[in-house]
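Asks: You'll find entry_14.pdb just under this line, and it carries PDB, C-alpha atoms, pLDDT in the B column.
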```
MODEL        1
ATOM      1  CA  MET U   6     -41.420   1.717  -4.764  1.00 49.00           C
ATOM      2  CA  SER U   7     -38.543  -0.040  -6.496  1.00 59.00           C
ATOM      3  CA  GLU U   8     -35.011   0.511  -5.288  1.00 73.00           C
ATOM      4  CA  GLU U   9     -32.540   1.855  -7.810  1.00 92.00           C
ATOM      5  CA  LYS U  10     -29.402  -0.204  -8.331  1.00 94.00           C
ATOM      6  CA  LYS U  11     -26.027   1.350  -8.903  1.00 95.00           C
ATOM      7  CA  ARG U  12     -23.298  -0.566 -10.765  1.00 96.00           C
ATOM      8  CA  HIS U  13     -19.774  -0.533  -9.372  1.00 97.00           C
ATOM      9  CA  GLU U  14     -16.588  -1.873 -10.885  1.00 97.00           C
ATOM     10  CA  TRP U  15     -13.364  -2.113  -8.914  1.00 97.00           C
ATOM     11  CA  ILE U  16      -9.904  -3.300  -9.879  1.00 98.00           C
ATOM     12  CA  LEU U  17      -8.530  -6.052  -7.650  1.00 98.00           C
ATOM     13  CA  GLU U  18      -4.873  -5.044  -7.662  1.00 97.00           C
ATOM     14  CA  GLY U  19      -2.601  -7.893  -6.555  1.00 97.00           C
ATOM     15  CA  ILE U  20      -5.088 -10.751  -6.875  1.00 96.00           C
ATOM     16  CA  ASP U  21      -3.048 -13.833  -7.686  1.00 93.00           C
ATOM     17  CA  CYS U  22      -5.370 -16.756  -8.329  1.00 94.00           C
ATOM     18  CA  ALA U  23      -8.802 -17.637  -9.669  1.00 96.00           C
ATOM     19  CA  ASN U  24      -9.728 -19.216  -6.329  1.00 97.00           C
ATOM     20  CA  CYS U  25      -9.059 -15.876  -4.584  1.00 97.00           C
ATOM     21  CA  ALA U  26     -11.349 -14.109  -7.065  1.00 97.00           C
ATOM     22  CA  ASN U  27     -14.020 -16.740  -6.423  1.00 97.00           C
ATOM     23  CA  LYS U  28     -13.691 -16.261  -2.655  1.00 97.00           C
ATOM     24  CA  ILE U  29     -14.148 -12.493  -3.053  1.00 98.00           C
ATOM     25  CA  GLU U  30     -17.126 -12.917  -5.405  1.00 98.00           C
ATOM     26  CA  ASN U  31     -18.886 -15.279  -2.994  1.00 98.00           C
ATOM     27  CA  GLY U  32     -18.088 -13.154   0.051  1.00 98.00           C
ATOM     28  CA  VAL U  33     -19.360  -9.945  -1.540  1.00 98.00           C
ATOM     29  CA  SER U  34     -22.505 -11.645  -2.885  1.00 97.00           C
ATOM     30  CA  LYS U  35     -23.521 -12.552   0.692  1.00 97.00           C
ATOM     31  CA  ILE U  36     -23.602  -8.909   1.817  1.00 97.00           C
ATOM     32  CA  ALA U  37     -27.165  -7.600   2.178  1.00 95.00           C
ATOM     33  CA  GLY U  38     -27.987  -5.049  -0.520  1.00 94.00           C
ATOM     34  CA  VAL U  39     -25.440  -6.406  -3.029  1.00 97.00           C
ATOM     35  CA  THR U  40     -26.549  -8.140  -6.224  1.00 96.00           C
ATOM     36  CA  ASN U  41     -24.802  -9.440  -9.357  1.00 97.00           C
ATOM     37  CA  SER U  42     -21.410  -9.812  -7.685  1.00 97.00           C
ATOM     38  CA  ASN U  43     -18.829 -10.958 -10.233  1.00 98.00           C
ATOM     39  CA  ALA U  44     -15.067 -11.211  -9.701  1.00 97.00           C
ATOM     40  CA  ASN U  45     -13.017 -11.876 -12.818  1.00 97.00           C
ATOM     41  CA  TYR U  46      -9.485 -13.142 -12.251  1.00 96.00           C
ATOM     42  CA  MET U  47      -8.388 -12.594 -15.876  1.00 96.00           C
ATOM     43  CA  THR U  48      -9.364  -8.904 -15.927  1.00 97.00           C
ATOM     44  CA  LYS U  49      -8.728  -8.500 -12.175  1.00 97.00           C
ATOM     45  CA  THR U  50     -12.060  -6.757 -11.716  1.00 97.00           C
ATOM     46  CA  LEU U  51     -14.953  -7.019  -9.309  1.00 98.00           C
ATOM     47  CA  SER U  52     -18.318  -5.735 -10.444  1.00 98.00           C
ATOM     48  CA  PHE U  53     -21.521  -5.611  -8.428  1.00 97.00           C
ATOM     49  CA  ASP U  54     -24.764  -3.708  -8.017  1.00 97.00           C
ATOM     50  CA  VAL U  55     -25.868  -2.048  -4.775  1.00 97.00           C
ATOM     51  CA  ASP U  56     -29.107  -0.464  -3.659  1.00 92.00           C
ATOM     52  CA  GLU U  57     -28.534   3.225  -4.285  1.00 91.00           C
ATOM     53  CA  GLN U  58     -30.254   4.177  -1.017  1.00 92.00           C
ATOM     54  CA  LYS U  59     -27.821   2.043   0.999  1.00 92.00           C
ATOM     55  CA  GLU U  60     -24.694   2.660  -1.068  1.00 94.00           C
ATOM     56  CA  GLU U  61     -22.866   4.781   1.517  1.00 95.00           C
ATOM     57  CA  SER U  62     -23.273   2.149   4.215  1.00 96.00           C
ATOM     58  CA  ILE U  63     -22.645  -0.899   1.980  1.00 96.00           C
ATOM     59  CA  LEU U  64     -19.403   0.129   0.226  1.00 96.00           C
ATOM     60  CA  PRO U  65     -17.267   0.232   3.412  1.00 97.00           C
ATOM     61  CA  ILE U  66     -18.649  -3.204   4.382  1.00 97.00           C
ATOM     62  CA  ILE U  67     -17.601  -4.591   0.979  1.00 97.00           C
ATOM     63  CA  LYS U  68     -14.093  -3.136   1.338  1.00 97.00           C
ATOM     64  CA  LEU U  69     -13.767  -4.609   4.828  1.00 97.00           C
ATOM     65  CA  LYS U  70     -14.965  -8.017   3.646  1.00 97.00           C
ATOM     66  CA  ILE U  71     -12.460  -8.096   0.760  1.00 97.00           C
ATOM     67  CA  ASN U  72      -9.689  -6.969   3.081  1.00 97.00           C
ATOM     68  CA  ARG U  73     -10.506  -9.835   5.453  1.00 97.00           C
ATOM     69  CA  LEU U  74     -10.721 -12.439   2.682  1.00 97.00           C
ATOM     70  CA  GLU U  75      -7.659 -11.285   0.720  1.00 96.00           C
ATOM     71  CA  PRO U  76      -5.457  -8.871   2.722  1.00 97.00           C
ATOM     72  CA  ASP U  77      -2.938  -8.532  -0.151  1.00 96.00           C
ATOM     73  CA  VAL U  78      -5.534  -7.203  -2.611  1.00 97.00           C
ATOM     74  CA  THR U  79      -5.718  -3.448  -3.114  1.00 96.00           C
ATOM     75  CA  LEU U  80      -9.032  -2.052  -4.358  1.00 95.00           C
ATOM     76  CA  LEU U  81      -8.960   0.621  -7.042  1.00 95.00           C
ATOM     77  CA  SER U  82     -11.938   2.360  -8.585  1.00 87.00           C
ATOM     78  CA  LYS U  83     -12.197   1.646 -12.278  1.00 82.00           C
TER      79      LYS U  83
ENDMDL
END
```
As structure tokens, please, write out the structure in this file.

Replies:
Amino acid sequence: MSEEKKRHEWILEGIDCANCANKIENGVSKIAGVTNSNANYMTKTLSFDVDEQKEESILPIIKLKINRLEPDVTLLSK
């Protein structure tokens, strides 16, 4: 049985440097169940795939992680 992936794209409101985007991308990519994490400083977006089965439990973990790494960034759904 293969797990379905669901694509998410969030706006990183208030991100102010490429290094911050890189920190978020790396932090999110280390969360179990997350794949293809990509933070783009120029477009101020974070995109990633999550296992659909675990989506409800993973999304709050991602938000918490970003909040810890970059407290000044506000996440908006795209």

Asks: In Å to one decimal, how far is CA of Val39 in chain U from CA of Asn27 in chain U?

Replies: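 These atoms are spaced 15.8 Å apart.
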
Asks: Would you list the residues near (-28.8, 2.4, -10.6), meaning any protein, DNA or RNA residue with an atom at most 8 Å from that point in file coordinates, counting all atoms listed in the file, as an MDAnalysis selection string?

Replies: chainID U and resid 9:12 54:57

Asks: Dump as a list in words all residues having an atom at most 10 Å from (-19.6, -13.3, -0.7), computed in the file's coordinates with only C-alpha atoms.

Replies: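 The residues near that point, listed by chain and number, are Asn27, Lys28, Ile29, Glu30, Asn31, Gly32, Val33, Ser34, Lys35, Ile36, Ala37, Val39, Ser42, Asn43, Ile67, Lys70, Ile71 and Leu74 of chain U.
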
Asks: Could you tell me which residues the PyMOL selection byres ((chain U and resi 44-50) around 9) returns for this structure, as a ChimeraX atom specification?

Replies: /U:14-31,42-43,51-53,83

Asks: Once 3 Å is added on each side, what are the centre and the three edge lengths, in Å to one decimal, of the axis-aligned box enclosing the listed atoms of range 7-25 of chain U? Present them as lines of an AutoDock Vina configuration file.

Replies:
```
center_x = -20.6
center_y = -8.7
center_z = -7.7
size_x = 41.9
size_y = 27.1
size_z = 12.3
```
